[in-house]
$ cat protein-v4.tsv   # TSV, C-alpha atoms
chain	number	residue	atom	x	y	z
O	95	MET	CA	10.15	-19.85	-1.73
O	96	SER	CA	6.71	-20.19	-3.33
O	97	THR	CA	3.51	-18.64	-2.03
O	98	PRO	CA	1.85	-20.97	0.53
O	99	SER	CA	-1.00	-22.94	-1.04
O	100	LYS	CA	-3.28	-22.71	2.00
O	101	PRO	CA	-4.02	-19.74	4.26
O	102	PRO	CA	-2.67	-20.09	7.81
O	103	PHE	CA	-6.11	-19.23	9.24
O	104	SER	CA	-9.64	-20.19	8.31
O	105	ALA	CA	-12.27	-17.57	7.51
O	106	ASP	CA	-13.93	-18.33	10.85
O	107	ALA	CA	-10.68	-17.77	12.71
O	108	ILE	CA	-10.17	-14.46	10.92
O	109	GLU	CA	-13.70	-13.40	11.89
O	110	GLY	CA	-13.03	-14.20	15.55
O	111	LEU	CA	-9.75	-12.29	15.54
O	112	ASN	CA	-11.47	-9.30	13.94
O	113	ARG	CA	-13.99	-9.20	16.78
O	114	ARG	CA	-11.13	-9.26	19.24
O	115	PHE	CA	-9.11	-6.60	17.43
O	116	GLU	CA	-11.99	-4.09	17.44
O	117	GLN	CA	-10.89	-3.40	21.01
O	118	SER	CA	-7.14	-3.47	20.27
O	119	SER	CA	-4.68	-0.69	19.47
O	120	PRO	CA	-2.67	-0.74	16.23
O	121	GLU	CA	0.44	-1.55	18.27
O	122	GLN	CA	-1.28	-4.55	19.83
O	123	ILE	CA	-2.36	-5.81	16.41
O	124	LEU	CA	1.17	-5.37	15.08
O	125	GLY	CA	2.56	-7.18	18.13
O	126	TRP	CA	0.24	-10.10	17.42
O	127	ALA	CA	1.27	-10.10	13.75
O	128	ALA	CA	4.99	-10.09	14.53
O	129	ALA	CA	4.60	-12.94	17.03
O	130	THR	CA	2.33	-14.99	14.76
O	131	PHE	CA	4.40	-14.51	11.61
O	132	PRO	CA	8.03	-14.21	12.76
O	133	THR	CA	9.10	-14.67	9.13
O	134	ASP	CA	7.38	-14.33	5.76
O	135	ILE	CA	5.73	-11.02	6.69
O	136	ILE	CA	6.05	-7.62	4.99
O	137	LEU	CA	4.80	-4.06	5.32
O	138	THR	CA	4.01	-2.25	2.09
O	139	CYS	CA	4.56	1.49	2.24
O	140	SER	CA	4.06	4.07	-0.50
O	141	PHE	CA	5.32	6.70	1.97
O	142	GLN	CA	1.97	8.22	2.61
O	143	HIS	CA	1.35	9.03	6.23
O	144	ASP	CA	-0.46	5.83	7.22
O	145	GLY	CA	2.42	3.62	6.10
O	146	VAL	CA	4.93	5.88	7.82
O	147	VAL	CA	2.98	5.61	11.08
O	148	ILE	CA	3.00	1.81	10.89
O	149	ALA	CA	6.70	1.75	10.02
O	150	HIS	CA	7.39	3.90	13.08
O	151	MET	CA	5.32	1.59	15.30
O	152	LEU	CA	7.23	-1.42	14.04
O	153	ARG	CA	10.56	0.12	15.07
O	154	SER	CA	9.83	-0.87	18.68
O	155	ILE	CA	7.93	-4.07	17.84
O	156	ALA	CA	9.70	-5.83	14.98
O	157	PRO	CA	12.19	-3.58	13.15
O	158	GLU	CA	13.40	-6.48	11.02
O	159	ILE	CA	10.13	-6.68	9.06
O	160	PRO	CA	10.87	-5.65	5.46
O	161	VAL	CA	9.25	-2.44	4.24
O	162	VAL	CA	8.34	-2.91	0.58
O	163	PHE	CA	8.20	0.13	-1.70
O	164	ILE	CA	6.90	-0.29	-5.25
O	165	ASN	CA	8.86	2.09	-7.45
O	166	THR	CA	6.66	2.50	-10.52
O	167	GLY	CA	8.86	5.10	-12.19
O	168	PHE	CA	5.97	7.58	-12.04
O	169	HIS	CA	6.28	8.83	-8.46
O	170	PHE	CA	6.44	12.49	-7.55
O	171	GLN	CA	9.99	13.57	-6.78
O	172	GLU	CA	8.61	14.80	-3.45
O	173	THR	CA	7.59	11.23	-2.63
O	174	LEU	CA	11.04	9.85	-3.43
O	175	ASP	CA	12.73	12.54	-1.35
O	176	TYR	CA	10.34	11.95	1.54
O	177	ARG	CA	10.95	8.20	1.28
O	178	ASN	CA	14.69	8.75	1.53
O	179	ASP	CA	14.27	10.98	4.59
O	180	ILE	CA	11.98	8.50	6.38
O	181	VAL	CA	14.17	5.49	5.58
O	182	LYS	CA	17.17	7.28	7.03
O	183	LEU	CA	15.27	8.60	10.05
O	184	LEU	CA	13.67	5.27	10.99
O	185	LYS	CA	16.50	3.05	9.70
O	186	LEU	CA	13.99	0.98	7.77
O	187	ASN	CA	14.71	-2.41	6.25
O	188	LEU	CA	13.63	-1.14	2.83
O	189	ARG	CA	12.98	-3.54	-0.04
O	190	GLU	CA	12.34	-1.75	-3.32
O	191	VAL	CA	10.54	-3.59	-6.12
O	192	GLY	CA	9.65	-2.42	-9.59
O	193	PRO	CA	8.29	-3.54	-12.94
O	194	GLN	CA	10.16	-6.17	-14.92
O	195	ILE	CA	10.39	-3.89	-17.95
O	196	PRO	CA	12.72	-0.87	-17.55
O	197	PHE	CA	11.02	2.51	-17.61
O	198	GLU	CA	12.41	3.67	-20.95
O	199	GLN	CA	11.50	0.36	-22.61
O	200	PHE	CA	8.04	0.63	-21.09
O	201	LYS	CA	7.55	4.06	-22.70
O	202	ASP	CA	8.87	2.82	-26.04
O	203	ARG	CA	6.57	-0.20	-26.03
O	204	TYR	CA	3.37	1.28	-24.61
O	205	GLY	CA	3.78	5.01	-25.08
O	206	ALA	CA	4.29	7.63	-22.42
O	207	ASP	CA	0.56	8.09	-21.80
O	208	LEU	CA	-0.62	4.51	-21.19
O	209	TYR	CA	-1.95	5.69	-17.82
O	210	ASN	CA	-4.43	7.81	-19.82
O	211	ARG	CA	-5.44	5.26	-22.45
O	212	ASN	CA	-5.45	2.12	-20.32
O	213	PRO	CA	-4.86	2.87	-16.64
O	214	ASP	CA	-5.61	-0.70	-15.57
O	215	LEU	CA	-2.87	-2.07	-17.82
O	216	CYS	CA	-0.48	0.62	-16.63
O	217	CYS	CA	-1.16	-0.33	-13.00
O	218	GLU	CA	-0.85	-4.04	-13.83
O	219	ILE	CA	2.61	-3.60	-15.29
O	220	ASN	CA	4.01	-1.03	-12.88
O	221	LYS	CA	2.30	-1.85	-9.57
O	222	VAL	CA	0.38	-5.12	-9.57
O	223	GLY	CA	3.08	-7.22	-11.25
O	224	PRO	CA	5.77	-6.05	-8.79
O	225	MET	CA	3.38	-6.58	-5.87
O	226	ARG	CA	2.64	-10.11	-7.03
O	227	ARG	CA	6.37	-10.87	-7.00
O	228	ALA	CA	6.82	-9.20	-3.61
O	229	LEU	CA	4.18	-11.53	-2.18
O	230	GLU	CA	5.99	-14.70	-3.21
O	231	GLY	CA	6.58	-16.72	-0.05
O	232	VAL	CA	4.71	-14.18	2.09
O	233	GLN	CA	2.10	-15.31	4.62
O	234	ALA	CA	1.18	-11.92	6.10
O	235	TRP	CA	0.97	-8.47	4.53
O	236	ILE	CA	0.69	-5.34	6.67
O	237	ASN	CA	-0.73	-2.27	4.95
O	238	GLY	CA	-2.16	1.13	5.83
O	239	ARG	CA	-5.74	0.96	4.60
O	240	ARG	CA	-8.41	2.71	6.68
O	241	ARG	CA	-12.18	2.35	6.60
O	242	ASN	CA	-12.96	6.01	6.06
O	243	GLN	CA	-10.68	6.44	3.04
O	244	THR	CA	-13.34	5.35	0.54
O	245	ARG	CA	-16.75	3.71	0.48
O	246	GLU	CA	-15.12	0.57	-0.92
O	247	ARG	CA	-13.01	0.26	2.22
O	248	ASN	CA	-15.55	1.16	4.89
O	249	ASN	CA	-16.16	-2.44	5.94
O	250	ILE	CA	-12.60	-3.79	6.03
O	251	GLY	CA	-11.58	-5.71	9.12
O	252	HIS	CA	-8.26	-5.52	10.86
O	253	LEU	CA	-7.53	-8.86	9.24
O	254	GLY	CA	-8.57	-10.30	5.92
O	255	LEU	CA	-7.68	-13.12	3.57
O	256	MET	CA	-6.47	-12.55	0.03
O	257	GLY	CA	-5.80	-15.93	-1.46
O	258	SER	CA	-3.36	-17.57	0.96
O	259	VAL	CA	-2.11	-14.28	2.40
O	260	VAL	CA	-3.37	-12.73	5.65
O	261	LYS	CA	-3.80	-8.99	5.13
O	262	ILE	CA	-3.34	-6.94	8.27
O	263	ASN	CA	-4.90	-3.48	8.47
O	264	PRO	CA	-3.84	-2.17	11.90
O	265	LEU	CA	-5.19	1.34	11.22
O	266	ALA	CA	-8.61	0.19	9.96
O	267	ARG	CA	-10.51	2.15	12.64
O	268	TRP	CA	-8.33	5.26	12.38
O	269	THR	CA	-9.05	8.49	10.51
O	270	SER	CA	-6.60	10.83	8.84
O	271	LYS	CA	-6.79	13.00	11.97
O	272	ASP	CA	-5.58	10.08	14.08
O	273	THR	CA	-2.67	9.65	11.70
O	274	PHE	CA	-1.70	13.32	11.88
O	275	ARG	CA	-1.95	13.27	15.67
O	276	TYR	CA	0.45	10.33	15.77
O	277	LEU	CA	2.91	12.01	13.41
O	278	ASN	CA	2.87	15.18	15.50
O	279	ALA	CA	3.17	13.33	18.80
O	280	HIS	CA	6.31	11.56	17.56
O	281	SER	CA	7.80	14.54	15.70
O	282	LEU	CA	7.65	12.74	12.37
O	283	PRO	CA	7.86	14.86	9.20
O	284	THR	CA	4.89	15.05	6.85
O	285	HIS	CA	4.83	14.50	3.10
O	286	PRO	CA	5.37	17.90	1.42
O	287	LEU	CA	2.44	17.39	-0.97
O	288	PHE	CA	-0.01	17.01	1.90
O	289	GLU	CA	0.81	20.60	2.81
O	290	LYS	CA	-0.31	21.54	-0.73
O	291	GLY	CA	-3.72	19.93	-0.35
O	292	TYR	CA	-3.08	16.38	-1.51
O	293	THR	CA	-4.71	13.77	0.72
O	294	SER	CA	-3.82	10.58	-1.18
O	295	ILE	CA	-0.68	10.34	-3.28
O	296	GLY	CA	0.17	7.76	-5.91
O	297	CYS	CA	1.76	8.10	-9.33
O	298	GLN	CA	2.16	11.69	-10.48
O	299	PRO	CA	0.08	11.51	-13.71
O	300	CYS	CA	-2.90	9.97	-11.88
O	301	THR	CA	-2.92	12.01	-8.67
O	302	GLY	CA	-4.42	15.36	-7.78
O	303	PRO	CA	-5.96	17.05	-4.75
O	304	PRO	CA	-9.29	15.56	-3.61
O	305	LEU	CA	-12.47	16.63	-5.33
O	306	ALA	CA	-14.79	18.99	-3.44
O	307	GLY	CA	-17.13	17.08	-1.16
O	308	GLU	CA	-15.60	13.70	-2.04
O	309	ASP	CA	-13.46	11.23	-0.09
O	310	GLU	CA	-9.74	11.66	0.46
O	311	ARG	CA	-8.83	9.30	-2.42
O	312	SER	CA	-11.05	11.12	-4.95
O	313	GLY	CA	-8.00	12.82	-6.45
O	314	ARG	CA	-6.76	9.43	-7.68
O	315	TRP	CA	-7.80	8.72	-11.29
O	316	ALA	CA	-10.22	11.65	-11.05
O	317	GLY	CA	-12.84	11.72	-13.78
O	318	SER	CA	-12.77	7.96	-14.30
O	319	ASN	CA	-14.50	4.97	-12.73
O	320	LYS	CA	-11.19	3.56	-11.48
O	321	ARG	CA	-11.00	3.35	-7.69
O	322	GLU	CA	-8.10	1.02	-6.92
O	323	CYS	CA	-4.76	0.27	-8.55
O	324	GLY	CA	-5.34	-3.45	-8.09
O	325	ILE	CA	-2.71	-4.49	-5.56
O	326	HIS	CA	-5.39	-5.21	-2.97
O	327	THR	CA	-7.32	-7.55	-5.29
O	328	ILE	CA	-4.59	-9.33	-7.25
O	329	LEU	CA	-5.01	-12.71	-5.59
O	330	ASP	CA	-8.79	-12.55	-5.98
O	331	ASN	CA	-8.35	-12.50	-9.75
O	332	ASP	CA	-4.80	-13.66	-10.22
O	333	THR	CA	-4.40	-13.58	-13.99
O	334	PRO	CA	-1.25	-11.66	-14.88
O	335	THR	CA	-1.33	-9.45	-17.95
O	336	ASP	CA	0.97	-10.57	-20.77
O	337	GLU	CA	3.55	-7.78	-20.65
O	338	SER	CA	5.11	-8.93	-23.91
O	339	LYS	CA	2.16	-7.81	-26.00
O	340	PRO	CA	1.84	-4.15	-27.07
O	341	ASP	CA	-1.21	-2.20	-25.98
O	342	LYS	CA	-3.92	-1.94	-28.63
$ encode --input "protein-v4.tsv" --output "structure tokens"
Amino acid sequence: MSTPSKPPFSADAIEGLNRRFEQSSPEQILGWAAATFPTDIILTCSFQHDGVVIAHMLRSIAPEIPVVFINTGFHFQETLDYRNDIVKLLKLNLREVGPQIPFEQFKDRYGADLYNRNPDLCCEINKVGPMRRALEGVQAWINGRRRNQTRERNNIGHLGLMGSVVKINPLARWTSKDTFRYLNAHSLPTHPLFEKGYTSIGCQPCTGPPLAGEDERSGRWAGSNKRECGIHTILDNDTPTDESKPDK
């Protein structure tokens, strides 16, 4: 099934729904999403706490919604172990996607340190490309972004349009404290790296604890101007990188 050519809602309709959802709980927003998009809807989860919270909420709302995990080949082992524990605990409908080029071939072609030399290309191959394929045929995409994660996200609505896809951010108004309260209230385990000071966890080579006085995602690509991997902007500038050409 190909990606729909037209969004199911106009920008004006999205704006009206966002006004309404400012007074709604995440569960109410997810209930609306499941009823509005009974098929062609996914949740992406990198098995950070926000995604785990949403996956838990969906267990009583729409447990059939696929949970998409992008396996880049660069994840911390702690993340993979935590993923396995959560999938088993919540009985998730997990759909794992990954880059088209196998990990060893990727290293042979681009070198083991592409994330250092050209992090945008590394993300394009290992995260953005798989996400683009995961969105084929999808009308609605649930994700765990929150406004207070970074300055770039502080104005996101509970709904947004990315190309023809409706992005649903049920935790937009939440803080990390809200997320931890939910995890504790439902006896859900936490990611082991959070207990070591990590507040945002992506690929191992590009992730560290947050910088002093900075936002919770400041440990991602620290020391560079890079702020996002690109999966939240791919349909705004949908020009895939040619993976067949070696990095220069």
$ closest_residue --input "protein-v4.tsv" --among "O:Thr273, O:Thr284, O:Thr244, O:Thr293" --to "Asp309 (chain O)" --atoms "all atoms listed in the file"
O:Thr244
$ closest_atom_pairs --input "protein-v4.tsv" --of "region 115-200 of chain O" --to "region 209-216 of chain O" --cutoff "12 Å" --atoms "all atoms listed in the file" --output "Markdown table"
| residue | atom | partner | partner_atom | distance |
| --- | --- | --- | --- | --- |
| O:Thr166 | CA | O:Cys216 | CA | 9.6 |
| O:Gly167 | CA | O:Cys216 | CA | 11.3 |
| O:Phe168 | CA | O:Tyr209 | CA | 10.0 |
| O:Pro193 | CA | O:Cys216 | CA | 10.4 |
| O:Ile195 | CA | O:Cys216 | CA | 11.8 |
| O:Phe197 | CA | O:Cys216 | CA | 11.7 |
| O:Phe200 | CA | O:Cys216 | CA | 9.6 |
$ residues_around --input "protein-v4.tsv" --residues "region 179-191 of chain O" --least-positions-apart "5" --cutoff "8 Å" --atoms "all atoms listed in the file" --output "PyMOL selection string"
chain O and resi 146+149-150+153+157-165+224-225+228
$ residues_around --input "protein-v4.tsv" --residues "Arg321 (chain O)" --least-positions-apart "5" --cutoff "12 Å" --atoms "only C-alpha atoms" --output "list in words"
Pro213, Asp214, Cys217, Gln243, Thr244, Arg245, Glu246, Arg247, Cys300, Thr301, Asp309, Glu310, Arg311, Ser312, Gly313, Arg314, Trp315, Ala316, His326 and Thr327 of chain O
$ closest_residue --input "protein-v4.tsv" --among "O:Phe141, O:Phe115, O:Phe170, O:Phe131" --to "Val260 (chain O)" --atoms "all atoms listed in the file"
O:Phe131
$ closest_residue --input "protein-v4.tsv" --among "O:Leu287, O:Leu265, O:Ala306, O:Val147" --to "Ser118 (chain O)" --atoms "all atoms listed in the file"
O:Leu265
$ atom_distance --input "protein-v4.tsv" --atom1 "CA of Ile135 (chain O)" --atom2 "CA of Gly223 (chain O)"
18.5 Å
$ atom_distance --input "protein-v4.tsv" --atom1 "CA of Leu137 (chain O)" --atom2 "CA of Gln122 (chain O)"
15.7 Å
$ residues_around --input "protein-v4.tsv" --residues "region 100-107 of chain O" --least-positions-apart "2" --cutoff "9 Å" --atoms "all atoms listed in the file" --output "PyMOL selection string"
chain O and resi 97-98+109-112+233+254-260
$ atom_distance --input "protein-v4.tsv" --atom1 "CA of Leu208 (chain O)" --atom2 "CA of His169 (chain O)"
15.1 Å
$ axis_aligned_box --input "protein-v4.tsv" --around "region 175-189 of chain O" --padding-each-side "5 Å" --output "AutoDock Vina command-line options"
--center_x 13.8 --center_y 4.5 --center_z 4.8 --size_x 16.8 --size_y 26.1 --size_z 22.3
$ closest_residue --input "protein-v4.tsv" --among "O:Asp134, O:Glu218, O:Asp175, O:Asp144" --to "Gly238 (chain O)" --atoms "all atoms listed in the file"
O:Asp144
$ closest_residue --input "protein-v4.tsv" --among "O:Leu253, O:Ile219, O:Cys139, O:Ala266" --to "Ser119 (chain O)" --atoms "all atoms listed in the file"
O:Ala266
